[in-house]
Amino acid sequence: MATIDTTKPNLDPTLNERKAFDETKAGVKGLVDAGINKIPSFFHHQPDKYQKSNNTNHAIPVIDLADIHQGTVDRIKEACETWGFFQIVNHGIPLSVLEELKEGVKRFYEMDAQVKKGLYTRDQDRSFIYNSNFDIYSSPALNWRDTFMCYLAPDTPNPQDFPIACRDILLEYGKQMVNLGTLLFELLSQALGLNPNHLKDMDCAEGLLALCHYYPRCPEPELTMGTTKHSDNDFLTVLLQDHIGGLQVLHQEKWIDVKPVPGALIVNVGDLLQLITNDKFKSVEHRVLANRVGPRISVACFFSTGVRSSSKLYGPMEELLSEENPPKYRETTVAEYVAYFNAKGLDGTSALTHYRI
């Protein structure tokens, strides 16, 4: 995690303002609660070069998991190769659980401010990490959101580490998500023409961490972003978003809205899955717009061991390589990849290029 290096000259004129914002321990929600109507300059983003698509025919695929057959596998394969994203319905997680999770996350962020400040930290060794902008001291501009992160697997979390506002539902959702992840990795393995257990046996489904985002309403949404353009530093992400929307996927150099579908979950390929499939499956850049309406709640579950130590090396899978398709990436561990991604911050570039041969 990026920290302030006091030995270097201060090249960022907003550094002291960022530090002051961080030290409030109140996050973006604290700014909104204070009644600001102009956002601080360190939230101002440069305009993006890509246009928004007005073509309503463009929409990420919605795949029904109620009746899984070869056609389902084929649709997942096509989605991973062309979009890097798809939505799933009839995925087995009850609607009541999804609704309670969104409520639980909202309850946490709307807790008494003083109680919440006691949980604000940048200590990566904690089981529950709540702060605003993990890359606060390295990103070109901050994002209009607050986040808490918690590990749900492989180690069973200690319930006492989680705030009571969302404790039970996080633990329940973690169990449900581990089961769904097992199914998704089986389908992805088959989509690659491999044994259904192939990706699971590589431990791609072993780790699970949840990033629970809170995007407050923004008085000047045109000047900032909810989340900067990025791809994910994991194998696979499963996202629950609420009805507000704002998520956009970069497809054929156009931003496509991912419209909320009631009861659906969004699945996207992560960088590490692109790396081990040697570019067969695409980890696609996406972003979240800031909005005058809020708060927007989303929960992203990352199948990854994160920065937790493991010496296992990942490189392009031999089963997918040939003389015509030699390896395009060097090997890395998950922890090394995630540490590089975090130090770089959300600067709009892909961490994968650092690992290309």
# chains A, B, ... in the order shown; residues from 1 in each chain; ligands from 1
call {"tool": "select_by_dssp", "arguments": {"residues": "segment 63-255 of chain A", "states": "helix (DSSP H, G or I)", "output": "ChimeraX atom specification"}}
result
/A:70-82,95-109,113-117,159-161,167-191,198-201,221-223
call {"tool": "closest_atom_pairs", "arguments": {"of": "segment 76-178 of chain A", "to": "segment 45-69 of chain A", "cutoff": "8 Å", "atoms": "only C-alpha atoms", "output": "Markdown table"}}
result
| residue | atom | partner | partner_atom | distance |
| --- | --- | --- | --- | --- |
| A:Ile76 | CA | A:Ile63 | CA | 7.6 |
| A:Ala79 | CA | A:Pro61 | CA | 6.7 |
| A:Trp83 | CA | A:Ile60 | CA | 6.9 |
| A:Phe85 | CA | A:Ile60 | CA | 6.4 |
| A:Phe86 | CA | A:Pro61 | CA | 5.0 |
| A:Gln87 | CA | A:Val62 | CA | 4.6 |
| A:Ile88 | CA | A:Ile63 | CA | 4.9 |
| A:Val89 | CA | A:Asp64 | CA | 5.0 |
| A:Asn90 | CA | A:Ala66 | CA | 5.2 |
| A:His91 | CA | A:Leu65 | CA | 5.6 |
| A:Pro140 | CA | A:His45 | CA | 7.8 |
| A:Ala141 | CA | A:His45 | CA | 5.8 |
call {"tool": "closest_residue", "arguments": {"among": "A:Asn131, A:Asn233, A:Gln252, A:Asn179", "to": "Val269 of chain A", "atoms": "only C-alpha atoms"}}
result
A:Asn233
call {"tool": "residues_around", "arguments": {"residues": "Ser311 of chain A", "least_positions_apart": "5", "cutoff": "9 Å", "atoms": "only C-alpha atoms", "output": "list in words"}}
result
Thr333, Val334 and Ala335 of chain A
call {"tool": "write_last_selection", "arguments": {"atoms": "C-alpha atoms", "output": "short mmCIF file (atom, residue, chain, number, x, y, z; two decimals), in the first residue's frame"}}
result
data_model
loop_
_atom_site.label_atom_id
_atom_site.label_comp_id
_atom_site.auth_asym_id
_atom_site.auth_seq_id
_atom_site.Cartn_x
_atom_site.Cartn_y
_atom_site.Cartn_z
CA THR A 333 2.65 -14.77 -7.61
CA VAL A 334 -0.75 -13.33 -6.72
CA ALA A 335 0.77 -11.33 -3.85
#
call {"tool": "residues_around", "arguments": {"residues": "Phe148 of chain A", "least_positions_apart": "3", "cutoff": "7 Å", "atoms": "only C-alpha atoms", "output": "mmCIF file with N, CA and C atoms, in the first residue's frame"}}
result
data_model
loop_
_atom_site.group_PDB
_atom_site.id
_atom_site.type_symbol
_atom_site.label_atom_id
_atom_site.label_comp_id
_atom_site.auth_asym_id
_atom_site.auth_seq_id
_atom_site.Cartn_x
_atom_site.Cartn_y
_atom_site.Cartn_z
ATOM 1 N N PHE A 128 -10.465 -6.458 8.525
ATOM 2 C CA PHE A 128 -11.499 -5.528 8.052
ATOM 3 C C PHE A 128 -10.827 -4.165 7.876
ATOM 4 N N ILE A 129 -10.769 -3.697 6.634
ATOM 5 C CA ILE A 129 -10.030 -2.465 6.319
ATOM 6 C C ILE A 129 -10.998 -1.452 5.727
ATOM 7 N N TYR A 130 -11.278 -0.389 6.481
ATOM 8 C CA TYR A 130 -12.187 0.656 5.984
ATOM 9 C C TYR A 130 -11.386 1.935 5.791
ATOM 10 N N ASN A 131 -11.478 2.527 4.593
ATOM 11 C CA ASN A 131 -10.852 3.832 4.333
ATOM 12 C C ASN A 131 -11.455 4.427 3.060
ATOM 13 N N LEU A 211 -14.992 -6.220 -1.505
ATOM 14 C CA LEU A 211 -14.821 -4.768 -1.463
ATOM 15 C C LEU A 211 -16.213 -4.158 -1.494
ATOM 16 N N CYS A 212 -16.575 -3.505 -0.403
ATOM 17 C CA CYS A 212 -17.930 -2.955 -0.275
ATOM 18 C C CYS A 212 -17.852 -1.439 -0.416
ATOM 19 N N HIS A 213 -18.362 -0.950 -1.539
ATOM 20 C CA HIS A 213 -18.201 0.463 -1.903
ATOM 21 C C HIS A 213 -19.460 1.270 -1.571
#
call {"tool": "select_by_dssp", "arguments": {"residues": "segment 168-256 of chain A", "states": "strand (DSSP E or B)", "output": "list in words"}}
result
Leu208, Leu209, Ala210, Leu211, Cys212, His213, Tyr214, Tyr215, Met225, Gly226, Thr227, Thr228, Lys229, His230, Leu236, Thr237, Val238, Leu239, Leu240, Gln241, Leu247, Gln248, Val249, Leu250, His251, Lys254, Trp255 and Ile256 of chain A
call {"tool": "write_last_selection", "arguments": {"atoms": "C-alpha atoms", "output": "tab-separated table (two decimals), in the first residue's frame"}}
result
chain	number	residue	atom	x	y	z
A	208	LEU	CA	-12.15	-14.45	-1.58
A	209	LEU	CA	-12.18	-10.83	-0.55
A	210	ALA	CA	-15.13	-8.46	-0.60
A	211	LEU	CA	-14.82	-4.77	-1.46
A	212	CYS	CA	-17.93	-2.95	-0.27
A	213	HIS	CA	-18.20	0.46	-1.90
A	214	TYR	CA	-20.28	3.47	-0.89
A	215	TYR	CA	-20.62	6.20	-3.53
A	225	MET	CA	-15.27	9.72	-11.04
A	226	GLY	CA	-16.82	7.14	-8.74
A	227	THR	CA	-14.04	4.76	-9.80
A	228	THR	CA	-11.33	5.50	-12.36
A	229	LYS	CA	-10.89	3.33	-15.45
A	230	HIS	CA	-9.16	0.09	-14.40
A	236	LEU	CA	-12.55	-13.34	-11.32
A	237	THR	CA	-14.87	-10.67	-9.88
A	238	VAL	CA	-18.54	-11.11	-9.01
A	239	LEU	CA	-20.27	-7.77	-8.46
A	240	LEU	CA	-23.57	-6.91	-6.82
A	241	GLN	CA	-24.73	-3.41	-7.75
A	247	LEU	CA	-20.88	1.09	-14.07
A	248	GLN	CA	-19.47	1.29	-17.61
A	249	VAL	CA	-17.41	-1.23	-19.58
A	250	LEU	CA	-14.92	-0.25	-22.31
A	251	HIS	CA	-15.96	-2.20	-25.43
A	254	LYS	CA	-16.68	3.00	-26.38
A	255	TRP	CA	-18.11	3.19	-22.87
A	256	ILE	CA	-21.12	0.88	-22.55
call {"tool": "closest_residue", "arguments": {"among": "A:Phe303, A:Trp144, A:Phe341, A:Phe43", "to": "Ser231 of chain A", "atoms": "only C-alpha atoms"}}
result
A:Phe341
call {"tool": "residues_around", "arguments": {"residues": "Asp279 of chain A", "least_positions_apart": "3", "cutoff": "12 Å", "atoms": "only C-alpha atoms", "output": "PyMOL selection string"}}
result
chain A and resi 80-82+84+192+269-276+282-284+315-317+320-321+325-329+352-353+356
